[in-house]
$ cat query04.txt   # compact mmCIF, C-alpha atoms
# COMPACT_ATOMS: atom_id res chain seq x y z
CA MET C 1 187.73 173.51 139.38
CA HIS C 2 185.68 176.44 140.68
CA THR C 3 184.27 176.83 144.17
CA ILE C 4 180.73 178.17 143.97
CA LEU C 5 178.83 179.43 146.98
CA PHE C 6 175.04 179.53 146.85
CA ILE C 7 173.41 181.73 149.47
CA GLY C 8 169.86 180.47 149.76
CA LEU C 9 166.87 182.42 150.98
CA VAL C 10 165.57 178.97 151.99
CA TRP C 11 166.82 175.41 151.67
CA PRO C 12 165.66 174.04 148.29
CA GLU C 13 162.41 172.05 148.23
CA PRO C 14 162.06 170.89 144.61
CA GLN C 15 158.94 168.87 145.44
CA SER C 16 157.29 171.97 146.96
CA SER C 17 158.02 174.75 144.49
CA ALA C 18 159.49 175.64 141.11
CA ALA C 19 162.01 177.87 142.91
CA GLY C 20 163.45 174.79 144.60
CA THR C 21 163.64 172.99 141.27
CA ARG C 22 165.40 175.96 139.68
CA ILE C 23 168.11 176.16 142.35
CA LEU C 24 168.69 172.42 142.21
CA GLN C 25 169.09 172.56 138.42
CA LEU C 26 171.75 175.27 138.75
CA ILE C 27 173.58 173.28 141.43
CA ARG C 28 173.59 170.14 139.30
CA MET C 29 174.80 172.07 136.27
CA PHE C 30 177.85 173.34 138.18
CA ARG C 31 178.47 169.95 139.75
CA SER C 32 178.37 168.30 136.30
CA VAL C 33 181.46 170.26 135.22
CA GLY C 34 183.42 169.43 138.36
CA SER C 35 182.82 172.56 140.42
CA GLU C 36 182.76 172.37 144.19
CA VAL C 37 179.39 173.67 145.36
CA VAL C 38 178.62 175.00 148.83
CA PHE C 39 175.05 175.88 149.81
CA ALA C 40 174.56 178.18 152.79
CA SER C 41 171.33 179.46 154.29
CA ALA C 42 170.12 181.09 157.50
CA ALA C 43 166.70 179.47 157.10
CA ALA C 44 165.64 176.41 159.06
CA LYS C 45 165.40 173.16 157.15
CA SER C 46 162.07 171.43 156.74
CA PRO C 47 161.28 167.72 156.31
CA TYR C 48 160.99 168.48 152.59
CA SER C 49 164.39 170.14 152.15
CA HIS C 50 166.42 168.40 149.47
CA PRO C 51 169.37 166.34 150.81
CA LEU C 52 172.07 168.34 149.04
CA SER C 53 174.88 166.49 150.77
CA GLN C 54 173.86 163.34 148.89
CA GLU C 55 174.75 165.17 145.68
CA GLY C 56 178.20 166.12 146.89
CA VAL C 57 177.20 169.61 148.02
CA TRP C 58 178.65 171.04 151.22
CA GLU C 59 175.83 172.41 153.40
CA GLU C 60 176.51 175.33 155.74
CA ASP C 61 174.17 176.85 158.32
CA ILE C 62 174.73 180.60 158.61
CA GLN C 63 173.15 183.44 160.55
CA LEU C 64 171.95 186.89 159.59
CA ASN C 65 173.95 189.86 160.87
CA ASP C 66 176.72 187.63 162.17
CA SER C 67 180.45 188.21 161.68
CA ARG C 68 181.06 184.46 161.69
CA PHE C 69 179.85 184.54 158.10
CA ASP C 70 182.83 186.79 157.30
CA ALA C 71 185.26 184.21 158.68
CA PHE C 72 183.45 181.48 156.75
CA ILE C 73 183.77 183.17 153.36
CA ARG C 74 187.35 184.29 153.98
CA SER C 75 188.22 180.65 154.57
CA LEU C 76 186.13 179.35 151.65
CA LYS C 77 187.41 181.88 149.08
CA PRO C 78 184.64 181.21 146.53
CA ASP C 79 185.27 181.92 142.87
CA MET C 80 181.57 182.66 142.35
CA VAL C 81 178.66 183.51 144.63
CA VAL C 82 175.07 182.87 143.57
CA PHE C 83 172.45 184.84 145.50
CA ASP C 84 169.06 183.12 145.70
CA ARG C 85 166.73 186.06 145.01
CA PHE C 86 167.45 189.71 145.64
CA VAL C 87 166.86 189.57 149.40
CA SER C 88 169.88 187.30 149.81
CA GLU C 89 172.00 189.81 147.92
CA GLU C 90 170.78 192.61 150.17
CA GLN C 91 171.66 190.64 153.28
CA TYR C 92 175.05 189.23 152.29
CA GLY C 93 176.24 191.12 149.21
CA TRP C 94 178.29 193.74 151.06
CA ARG C 95 180.09 191.07 153.08
CA ILE C 96 180.97 189.13 149.92
CA ARG C 97 182.32 192.25 148.23
CA GLN C 98 184.31 193.25 151.28
CA TYR C 99 185.94 189.89 152.00
CA CYS C 100 185.85 188.17 148.58
CA PRO C 101 186.17 191.07 146.11
CA SER C 102 187.34 188.89 143.23
CA ALA C 103 184.36 186.52 143.42
CA LEU C 104 181.94 186.72 140.49
CA THR C 105 178.53 187.68 141.89
CA ILE C 106 175.45 186.19 140.25
CA LEU C 107 171.86 186.96 141.19
CA ASP C 108 169.31 184.27 140.40
CA THR C 109 166.12 186.33 140.32
CA GLU C 110 163.83 183.22 140.06
CA ASP C 111 161.28 185.67 138.70
CA LEU C 112 160.93 189.41 139.01
CA HIS C 113 159.32 189.94 142.38
CA PHE C 114 158.39 193.56 141.65
CA LEU C 115 156.50 192.45 138.53
CA ARG C 116 154.60 189.82 140.50
CA ARG C 117 153.73 192.43 143.14
CA ALA C 118 152.60 194.97 140.54
CA ARG C 119 150.29 192.47 138.85
CA GLN C 120 148.89 191.29 142.16
CA GLU C 121 148.04 194.82 143.26
CA ALA C 122 146.48 195.64 139.88
CA VAL C 123 144.17 192.60 140.11
CA LYS C 124 143.24 193.09 143.75
CA ARG C 125 142.56 196.81 143.43
CA ASN C 126 141.24 196.67 139.84
CA THR C 127 143.68 199.38 138.79
CA ALA C 128 146.14 199.88 135.95
CA LEU C 129 149.44 198.05 136.13
CA ASP C 130 152.09 200.11 137.94
CA TYR C 131 155.60 198.66 138.08
CA TYR C 132 156.83 201.13 140.67
CA ASN C 133 156.32 199.59 144.09
CA ASP C 134 158.51 199.24 147.17
CA ILE C 135 160.11 196.09 145.76
CA THR C 136 161.10 197.61 142.41
CA THR C 137 163.90 199.85 143.63
CA ARG C 138 165.36 197.14 145.85
CA GLU C 139 165.29 194.41 143.22
CA ILE C 140 166.70 196.46 140.35
CA ALA C 141 169.38 197.89 142.66
CA ALA C 142 170.43 194.33 143.50
CA ILE C 143 170.57 193.51 139.77
CA LEU C 144 172.78 196.54 139.13
CA ARG C 145 175.12 195.67 142.00
CA CYS C 146 175.75 192.13 140.77
CA ASP C 147 178.06 191.11 137.95
CA LEU C 148 175.30 189.08 136.29
CA SER C 149 171.61 188.39 136.91
CA LEU C 150 169.83 185.30 135.64
CA ILE C 151 166.42 186.00 134.11
CA ILE C 152 164.12 183.04 133.58
CA SER C 153 161.60 184.75 131.26
CA LYS C 154 162.08 186.52 127.93
CA SER C 155 159.26 188.91 128.81
CA GLU C 156 161.13 189.91 131.96
CA MET C 157 164.30 190.41 129.93
CA GLU C 158 162.42 192.79 127.63
CA LEU C 159 160.92 194.66 130.58
CA LEU C 160 164.30 195.22 132.24
CA LEU C 161 165.97 196.27 129.00
CA ALA C 162 163.23 198.50 127.57
CA SER C 163 161.45 199.99 130.57
CA PHE C 164 164.26 200.15 133.13
CA ARG C 165 167.26 200.47 130.82
CA VAL C 166 169.28 197.83 132.65
CA PRO C 167 172.51 197.24 130.67
CA ALA C 168 172.24 194.08 128.59
CA GLU C 169 175.65 192.82 129.75
CA LEU C 170 174.30 192.53 133.31
CA LEU C 171 171.50 190.15 132.29
CA TYR C 172 171.46 186.57 131.07
CA TYR C 173 168.39 184.67 129.88
CA LEU C 174 168.48 181.21 131.45
CA PRO C 175 165.17 179.30 131.55
CA PHE C 176 164.48 176.03 133.34
CA LEU C 177 167.09 173.42 132.43
CA GLU C 178 165.01 170.38 131.56
CA PRO C 179 165.95 167.05 129.99
CA LYS C 180 164.69 166.79 126.43
CA ILE C 181 161.46 164.82 126.04
CA GLU C 182 162.43 161.81 123.93
CA LYS C 183 160.18 159.37 122.08
CA SER C 184 161.08 156.71 124.64
CA ALA C 185 159.44 158.87 127.32
CA THR C 186 156.28 159.70 125.34
CA ASN C 187 155.74 156.01 124.59
CA LYS C 188 155.33 155.41 128.33
CA TRP C 189 152.69 158.09 128.86
CA LEU C 190 149.16 156.96 129.64
CA PRO C 191 146.92 157.38 126.59
CA PHE C 192 143.89 159.66 126.43
CA GLU C 193 141.45 156.86 127.28
CA LYS C 194 143.26 155.84 130.48
CA ARG C 195 143.45 159.34 131.90
CA LYS C 196 140.60 161.06 133.67
CA ASP C 197 139.64 164.14 135.68
CA PHE C 198 141.12 167.61 136.01
CA VAL C 199 144.02 168.74 138.17
CA PHE C 200 145.57 171.89 139.56
CA ILE C 201 148.89 171.99 141.40
CA GLY C 202 150.78 174.80 143.13
CA ASN C 203 152.57 175.80 146.33
CA PHE C 204 150.07 177.60 148.59
CA LEU C 205 152.73 179.86 150.06
CA HIS C 206 152.57 181.50 146.64
CA GLU C 207 149.67 183.97 146.54
CA PRO C 208 148.74 183.46 142.83
CA ASN C 209 148.03 179.77 143.48
CA TRP C 210 145.59 180.51 146.30
CA HIS C 211 143.85 183.13 144.18
CA THR C 212 143.66 180.67 141.27
CA VAL C 213 141.99 177.99 143.39
CA LYS C 214 139.38 180.49 144.58
CA VAL C 215 138.60 181.40 140.97
CA LEU C 216 138.32 177.72 140.06
CA LYS C 217 135.95 177.01 142.93
CA ALA C 218 133.67 180.00 142.51
CA GLN C 219 133.56 180.60 138.77
CA ILE C 220 135.09 177.99 136.49
CA TRP C 221 134.47 174.59 138.03
CA PRO C 222 130.66 175.02 138.28
CA GLN C 223 130.55 175.70 134.54
CA ILE C 224 132.73 172.71 133.69
CA ARG C 225 130.61 170.39 135.88
CA LYS C 226 127.50 171.37 133.94
CA GLN C 227 129.14 170.07 130.77
CA LEU C 228 131.05 167.16 132.32
CA PRO C 229 129.13 166.09 135.45
CA GLN C 230 131.04 162.82 135.93
CA THR C 231 134.45 164.48 136.27
CA GLU C 232 136.35 165.65 139.34
CA LEU C 233 138.84 168.43 140.00
CA HIS C 234 141.77 167.50 142.25
CA ILE C 235 143.77 170.29 143.90
CA TYR C 236 147.37 169.55 144.94
CA GLY C 237 149.86 171.82 146.61
CA ALA C 238 152.46 172.10 149.34
CA TYR C 239 151.67 174.06 152.50
CA ALA C 240 147.90 174.08 152.11
CA SER C 241 146.38 176.00 155.02
CA GLU C 242 143.03 175.54 156.72
CA LYS C 243 141.45 178.11 154.40
CA VAL C 244 142.44 175.91 151.45
CA TYR C 245 141.00 172.76 153.00
CA GLN C 246 137.76 174.60 153.71
CA LEU C 247 137.17 174.57 149.93
CA HIS C 248 137.12 170.75 149.91
CA GLN C 249 133.64 169.75 148.69
CA PRO C 250 133.18 166.06 147.68
CA LYS C 251 129.56 166.69 146.73
CA ASP C 252 130.79 169.17 144.13
CA SER C 253 133.69 166.89 143.05
CA PHE C 254 136.10 169.63 144.16
CA LEU C 255 138.75 167.78 146.13
CA ILE C 256 141.72 169.19 148.05
CA LYS C 257 144.45 166.54 147.95
CA GLY C 258 147.30 168.36 149.70
CA ARG C 259 150.96 167.84 148.89
CA ALA C 260 151.93 165.74 145.86
CA VAL C 261 154.89 163.50 146.67
CA ASP C 262 156.03 163.66 143.04
CA ALA C 263 154.40 166.36 140.91
CA ARG C 264 155.19 164.79 137.54
CA LYS C 265 154.11 161.30 138.54
CA THR C 266 150.89 162.78 139.91
CA LEU C 267 150.15 164.76 136.75
CA GLU C 268 150.67 161.72 134.51
CA ALA C 269 147.33 160.26 135.62
CA TYR C 270 145.19 163.29 134.73
CA ARG C 271 143.77 164.32 131.41
CA VAL C 272 143.90 168.14 131.76
CA LEU C 273 145.63 170.67 134.01
CA ILE C 274 143.57 173.82 134.56
CA ALA C 275 145.21 176.97 135.89
CA PRO C 276 143.42 180.32 135.38
CA ILE C 277 146.35 182.25 136.88
CA PRO C 278 145.37 185.91 137.37
CA PHE C 279 148.80 187.34 138.21
CA GLY C 280 152.39 186.29 138.72
CA ALA C 281 155.74 186.43 136.99
CA GLY C 282 158.46 184.22 135.57
CA ILE C 283 157.96 180.74 134.16
CA LYS C 284 155.39 178.57 135.91
CA GLY C 285 156.86 175.26 137.02
CA LYS C 286 153.48 173.53 136.95
CA PHE C 287 153.39 173.79 133.15
CA ILE C 288 156.94 172.45 132.81
CA ASP C 289 155.87 169.49 134.95
CA ALA C 290 152.69 169.03 132.91
CA MET C 291 154.59 168.96 129.61
CA GLN C 292 157.04 166.46 131.06
CA ALA C 293 154.04 164.34 132.08
CA GLY C 294 152.26 164.64 128.72
CA THR C 295 149.33 166.49 130.29
CA PRO C 296 147.76 169.32 128.22
CA SER C 297 146.63 172.45 130.03
CA VAL C 298 144.38 175.49 129.90
CA THR C 299 145.66 178.75 131.36
CA THR C 300 145.68 182.52 130.98
CA ALA C 301 148.11 184.75 129.08
CA VAL C 302 149.99 185.41 132.33
CA GLY C 303 150.23 181.69 133.00
CA ALA C 304 151.68 180.89 129.57
CA GLU C 305 153.89 183.99 129.40
CA SER C 306 157.25 183.42 127.67
CA MET C 307 156.53 179.73 127.11
CA THR C 308 154.61 179.74 123.83
CA ILE C 309 156.00 179.26 120.34
CA ASP C 310 154.34 181.55 117.78
CA GLY C 311 151.32 181.72 120.06
CA HIS C 312 150.93 177.95 120.24
CA TRP C 313 150.34 176.33 123.62
CA ASN C 314 150.08 172.93 125.26
CA GLY C 315 146.30 173.27 125.12
CA TYR C 316 144.50 176.62 125.23
CA ILE C 317 145.22 180.16 126.47
CA GLU C 318 142.08 182.01 127.52
CA ASN C 319 141.51 185.02 129.78
CA ASP C 320 137.71 185.16 129.58
CA LEU C 321 136.40 182.86 132.32
CA ASP C 322 133.31 181.70 130.42
CA ARG C 323 135.34 180.76 127.35
CA PHE C 324 137.97 179.28 129.68
CA ALA C 325 135.44 176.69 130.87
CA GLU C 326 134.32 175.95 127.29
CA LYS C 327 137.89 175.43 126.05
CA THR C 328 138.67 173.23 129.05
CA ALA C 329 135.67 170.99 128.34
CA LEU C 330 136.65 170.75 124.65
CA LEU C 331 140.24 169.79 125.47
CA TYR C 332 139.01 167.16 127.91
CA SER C 333 136.46 165.64 125.55
CA ASP C 334 138.04 165.73 122.09
CA ARG C 335 140.68 163.03 121.63
CA LYS C 336 142.13 164.58 118.49
CA VAL C 337 142.43 168.05 120.04
CA TRP C 338 144.01 166.54 123.16
CA TYR C 339 146.74 164.67 121.27
CA LYS C 340 147.61 167.73 119.19
CA ALA C 341 147.93 169.76 122.38
CA GLN C 342 150.17 167.11 123.93
CA GLU C 343 152.42 167.15 120.87
CA ARG C 344 152.69 170.94 121.04
CA GLY C 345 153.76 170.61 124.67
CA VAL C 346 156.66 168.35 123.70
CA ASN C 347 157.78 170.80 121.02
CA ILE C 348 157.47 173.80 123.34
CA LEU C 349 159.47 172.28 126.17
CA ASN C 350 162.21 170.93 123.92
CA ALA C 351 162.56 174.31 122.19
CA THR C 352 162.36 176.61 125.21
CA SER C 353 163.71 174.70 128.21
CA SER C 354 166.13 172.02 127.03
CA LYS C 355 169.26 171.96 129.18
CA GLU C 356 171.28 170.66 126.24
CA GLN C 357 170.53 173.95 124.47
CA PHE C 358 171.28 176.37 127.32
CA GLU C 359 173.83 174.91 129.75
CA THR C 360 177.02 174.98 127.67
CA PRO C 361 176.61 178.56 126.33
CA PHE C 362 175.95 179.78 129.87
CA LEU C 363 179.02 178.06 131.32
CA VAL C 364 181.15 179.52 128.53
CA HIS C 365 179.70 182.96 129.21
CA ILE C 366 180.47 183.02 132.93
CA ASN C 367 184.01 181.75 132.34
CA GLU C 368 184.57 184.61 129.89
CA LEU C 369 182.98 187.03 132.35
CA LYS C 370 185.22 185.82 135.13
CA ALA C 371 188.30 186.29 132.93
CA GLY C 372 187.36 189.89 132.10
CA LEU C 373 185.75 190.78 135.42
CA GLU C 374 187.71 193.98 136.11
CA THR C 375 186.75 195.51 132.75
CA HIS C 376 183.15 194.34 133.16
CA ARG C 377 182.87 196.06 136.54
CA ARG C 378 184.38 199.31 135.31
CA ARG C 379 181.68 199.49 132.66
CA ASN C 380 179.00 199.06 135.33
CA PHE C 381 179.70 202.34 137.09
CA ILE C 382 176.13 202.72 138.35
CA GLY C 383 176.55 199.39 140.10
CA GLN C 384 179.70 200.66 141.80
CA ILE C 385 177.83 203.75 143.02
CA LEU C 386 175.00 201.61 144.43
CA GLN C 387 177.47 199.39 146.23
CA ASN C 388 179.00 202.40 147.95
CA GLN C 389 175.76 204.23 148.76
CA TYR C 390 173.21 201.55 149.50
CA HIS C 391 175.44 199.01 151.10
CA SER C 392 177.05 201.51 153.38
CA ALA C 393 173.63 201.86 155.00
CA SER C 394 172.94 198.12 154.81
CA LYS C 395 176.37 197.29 156.19
CA TYR C 396 176.15 199.54 159.23
CA MET C 397 172.59 198.53 160.00
CA SER C 398 173.74 194.91 159.96
CA LEU C 399 176.70 195.67 162.21
CA TRP C 400 174.42 197.59 164.60
CA ILE C 401 172.03 194.61 164.80
CA GLU C 402 174.98 192.31 165.42
CA GLU C 403 176.20 194.43 168.34
CA LYS C 404 172.68 194.70 169.73
CA ASN C 405 172.34 190.91 169.65
CA LYS C 406 175.60 190.55 171.54
CA ASN C 407 174.33 192.86 174.27
CA VAL C 408 171.07 190.93 174.55
CA GLN C 409 172.99 187.69 174.98

$ encode --input "query04.txt" --output "structure tokens"
Amino acid sequence: MHTILFIGLVWPEPQSSAAGTRILQLIRMFRSVGSEVVFASAAAKSPYSHPLSQEGVWEEDIQLNDSRFDAFIRSLKPDMVVFDRFVSEEQYGWRIRQYCPSALTILDTEDLHFLRRARQEAVKRNTALDYYNDITTREIAAILRCDLSLIISKSEMELLLASFRVPAELLYYLPFLEPKIEKSATNKWLPFEKRKDFVFIGNFLHEPNWHTVKVLKAQIWPQIRKQLPQTELHIYGAYASEKVYQLHQPKDSFLIKGRAVDARKTLEAYRVLIAPIPFGAGIKGKFIDAMQAGTPSVTTAVGAESMTIDGHWNGYIENDLDRFAEKTALLYSDRKVWYKAQERGVNILNATSSKEQFETPFLVHINELKAGLETHRRRNFIGQILQNQYHSASKYMSLWIEEKNKNVQ
């Protein structure tokens, strides 16, 4: 039995975001093979935080820049440490390496934050894509310092390998770990005739979702309404702010619904998911949920990135906003087109995100990595340099903050 420590940037909220779903899938995977899992975070819990203790996970509240964390990990002696996004590795990585040097360190990137930032800036400023921003150096340095980094998207794997020359042995492609869609599940889906209206869903703390809703309201939905005047567009999402609710317009059939208690159950009632995502990174959880609910979708190339099979999609991929509206109306109206799209969604999810396909090879890989950890680390000499150089600064800044806090108290 292994003891695995997760250090969370936040407490997982699987009903709020795909990041919460991802972390929970990793936790359940390790629990399924008998590992003891401890989840620690300095963030405050919310009413929507998942009750990890009910799944046999030990929950631990920790603090930033606090030596009590050192005592905690010395007592725990984890075999592996999983950092939830690169910021967690920056904050706690040096302490783990100092007090638990034999622990295998794994960075779950969720998605590449520097890529998301680069795309966001390119769209907002209408400039060429530039990967080199303030996040890039920090995130790739964290990847190089860790023994292994989990990459959720094949496109991001290619970017790290080709453009940034990250050694392949430091990366592992691990998509969402979803149950296979069986015939017994598809038989329970509502048919075309019993579904109606359009839907969008997304956490509004995530900038691409807010930008997408603005595009829907201003440019795409008016065109769709001209073709399908009896339909409505329902917008769901956690943490909707006042600026989101200001877009609520019943007279235009543009309705802000707020948080969905269960995303997949909610999506099951709708005929089409529309998501003209302008920028972002990683795999979009909304499309995983839609495929699990049997709901076809229309999105952009960025939205469908790394999820297609030979260019095929669970509906249509369209970047031109005028054609986007036309394709959406066609998918909504044509029964034959709709069922073919739904079938493609089943095939895509089962081929690209089935946990039966990915879990066992990954568990074998980390066991082999753990067994040959000393050799693995010697080969990653750049990572050793970064640990000494960067974390010396990070370490002493943290210790300085800790002493300052003591004086304030």

$ closest_residue --input "query04.txt" --among "C:Thr295, C:Lys340, C:Tyr236, C:Pro78" --to "C:Gly202" --atoms "all atoms listed in the file"
C:Tyr236

$ residues_around --input "query04.txt" --residues "C:Ile4" --least-positions-apart "2" --cutoff "12 Å" --atoms "only C-alpha atoms" --output "ChimeraX atom specification"
/C:1-2,6-7,26-31,33-40,57-58,73,76-83,103-106

$ residues_around --input "query04.txt" --residues "C:Gln342" --least-positions-apart "5" --cutoff "9 Å" --atoms "all atoms listed in the file" --output "list in words"
Met291, Gly294, Thr295, Pro296, Ser297, Asn314, Gly315, Val337 and Asn347 of chain C

$ atom_distance --input "query04.txt" --atom1 "atom CA of C:Ile382" --atom2 "atom CA of C:Pro175"
26.7 Å

$ closest_atom_pairs --input "query04.txt" --of "stretch 276-317 of chain C" --to "stretch 353-372 of chain C" --cutoff "12 Å" --atoms "all atoms listed in the file" --output "JSON lines"
{"residue": "C:Ile283", "atom": "CA", "partner": "C:Ser353", "partner_atom": "CA", "distance": 10.2}
{"residue": "C:Lys284", "atom": "CA", "partner": "C:Ser353", "partner_atom": "CA", "distance": 12.0}
{"residue": "C:Gly285", "atom": "CA", "partner": "C:Ser353", "partner_atom": "CA", "distance": 11.2}
{"residue": "C:Phe287", "atom": "CA", "partner": "C:Ser353", "partner_atom": "CA", "distance": 11.5}
{"residue": "C:Ile288", "atom": "CA", "partner": "C:Ser353", "partner_atom": "CA", "distance": 8.5}
{"residue": "C:Asp289", "atom": "CA", "partner": "C:Ser353", "partner_atom": "CA", "distance": 11.6}
{"residue": "C:Met291", "atom": "CA", "partner": "C:Ser353", "partner_atom": "CA", "distance": 10.9}
{"residue": "C:Gln292", "atom": "CA", "partner": "C:Ser353", "partner_atom": "CA", "distance": 11.0}
{"residue": "C:Ser306", "atom": "CA", "partner": "C:Ser353", "partner_atom": "CA", "distance": 10.9}
{"residue": "C:Met307", "atom": "CA", "partner": "C:Ser353", "partner_atom": "CA", "distance": 8.8}
{"residue": "C:Thr308", "atom": "CA", "partner": "C:Ser353", "partner_atom": "CA", "distance": 11.3}
{"residue": "C:Ile309", "atom": "CA", "partner": "C:Ser353", "partner_atom": "CA", "distance": 11.9}

$ residues_around --input "query04.txt" --residues "C:Glu305" --least-positions-apart "6" --cutoff "8 Å" --atoms "all atoms listed in the file" --output "ChimeraX atom specification"
/C:153,155,282-283

$ closest_residue --input "query04.txt" --among "C:Ser46, C:Leu107, C:Glu55, C:Thr352" --to "C:Gln25" --atoms "only C-alpha atoms"
C:Glu55

$ residues_around --input "query04.txt" --residues "C:Asn380" --least-positions-apart "3" --cutoff "12 Å" --atoms "all atoms listed in the file" --output "PDB file with C-alpha atoms, in the coordinates of the input"
ATOM      1  CA  ILE C 143     170.570 193.510 139.770  1.00  0.00           C
ATOM      2  CA  LEU C 144     172.780 196.540 139.130  1.00  0.00           C
ATOM      3  CA  ARG C 145     175.120 195.670 142.000  1.00  0.00           C
ATOM      4  CA  CYS C 146     175.750 192.130 140.770  1.00  0.00           C
ATOM      5  CA  ASP C 147     178.060 191.110 137.950  1.00  0.00           C
ATOM      6  CA  LEU C 148     175.300 189.080 136.290  1.00  0.00           C
ATOM      7  CA  VAL C 166     169.280 197.830 132.650  1.00  0.00           C
ATOM      8  CA  PRO C 167     172.510 197.240 130.670  1.00  0.00           C
ATOM      9  CA  ALA C 168     172.240 194.080 128.590  1.00  0.00           C
ATOM     10  CA  GLU C 169     175.650 192.820 129.750  1.00  0.00           C
ATOM     11  CA  LEU C 170     174.300 192.530 133.310  1.00  0.00           C
ATOM     12  CA  LEU C 373     185.750 190.780 135.420  1.00  0.00           C
ATOM     13  CA  GLU C 374     187.710 193.980 136.110  1.00  0.00           C
ATOM     14  CA  THR C 375     186.750 195.510 132.750  1.00  0.00           C
ATOM     15  CA  HIS C 376     183.150 194.340 133.160  1.00  0.00           C
ATOM     16  CA  ARG C 377     182.870 196.060 136.540  1.00  0.00           C
ATOM     17  CA  GLY C 383     176.550 199.390 140.100  1.00  0.00           C
ATOM     18  CA  GLN C 384     179.700 200.660 141.800  1.00  0.00           C
ATOM     19  CA  ILE C 385     177.830 203.750 143.020  1.00  0.00           C
ATOM     20  CA  LEU C 386     175.000 201.610 144.430  1.00  0.00           C
ATOM     21  CA  GLN C 387     177.470 199.390 146.230  1.00  0.00           C
TER      22      GLN C 387
END

$ build_atoms --input "query04.txt" --residues "stretch 246-260 of chain C" --atoms "N, CA and C atoms" --output "mmCIF file, keeping the file's coordinate frame"
data_model
loop_
_atom_site.group_PDB
_atom_site.id
_atom_site.type_symbol
_atom_site.label_atom_id
_atom_site.label_comp_id
_atom_site.auth_asym_id
_atom_site.auth_seq_id
_atom_site.Cartn_x
_atom_site.Cartn_y
_atom_site.Cartn_z
ATOM 1 N N GLN C 246 139.169 174.249 153.571
ATOM 2 C CA GLN C 246 137.760 174.600 153.710
ATOM 3 C C GLN C 246 137.029 174.580 152.367
ATOM 4 N N LEU C 247 137.770 174.632 151.263
ATOM 5 C CA LEU C 247 137.170 174.570 149.930
ATOM 6 C C LEU C 247 136.866 173.147 149.484
ATOM 7 N N HIS C 248 137.326 172.167 150.241
ATOM 8 C CA HIS C 248 137.120 170.750 149.910
ATOM 9 C C HIS C 248 135.621 170.424 149.949
ATOM 10 N N GLN C 249 135.064 170.035 148.787
ATOM 11 C CA GLN C 249 133.640 169.750 148.690
ATOM 12 C C GLN C 249 133.406 168.499 147.839
ATOM 13 N N PRO C 250 133.399 167.300 148.453
ATOM 14 C CA PRO C 250 133.180 166.060 147.680
ATOM 15 C C PRO C 250 131.882 166.071 146.880
ATOM 16 N N LYS C 251 130.841 166.687 147.445
ATOM 17 C CA LYS C 251 129.560 166.690 146.730
ATOM 18 C C LYS C 251 129.630 167.468 145.421
ATOM 19 N N ASP C 252 130.585 168.399 145.349
ATOM 20 C CA ASP C 252 130.790 169.170 144.130
ATOM 21 C C ASP C 252 131.947 168.630 143.295
ATOM 22 N N SER C 253 132.530 167.504 143.722
ATOM 23 C CA SER C 253 133.690 166.890 143.050
ATOM 24 C C SER C 253 134.877 167.843 143.000
ATOM 25 N N PHE C 254 134.996 168.693 144.019
ATOM 26 C CA PHE C 254 136.100 169.630 144.160
ATOM 27 C C PHE C 254 136.908 169.175 145.358
ATOM 28 N N LEU C 255 138.044 168.518 145.095
ATOM 29 C CA LEU C 255 138.750 167.780 146.130
ATOM 30 C C LEU C 255 140.138 168.346 146.395
ATOM 31 N N ILE C 256 140.399 168.708 147.644
ATOM 32 C CA ILE C 256 141.720 169.190 148.050
ATOM 33 C C ILE C 256 142.555 167.988 148.464
ATOM 34 N N LYS C 257 143.638 167.732 147.736
ATOM 35 C CA LYS C 257 144.450 166.540 147.950
ATOM 36 C C LYS C 257 145.707 166.792 148.773
ATOM 37 N N GLY C 258 146.079 168.067 148.952
ATOM 38 C CA GLY C 258 147.300 168.360 149.700
ATOM 39 C C GLY C 258 148.550 168.198 148.864
ATOM 40 N N ARG C 259 149.647 167.928 149.541
ATOM 41 C CA ARG C 259 150.960 167.840 148.890
ATOM 42 C C ARG C 259 151.038 166.633 147.950
ATOM 43 N N ALA C 260 151.623 166.835 146.775
ATOM 44 C CA ALA C 260 151.930 165.740 145.860
ATOM 45 C C ALA C 260 153.363 165.289 146.122
#
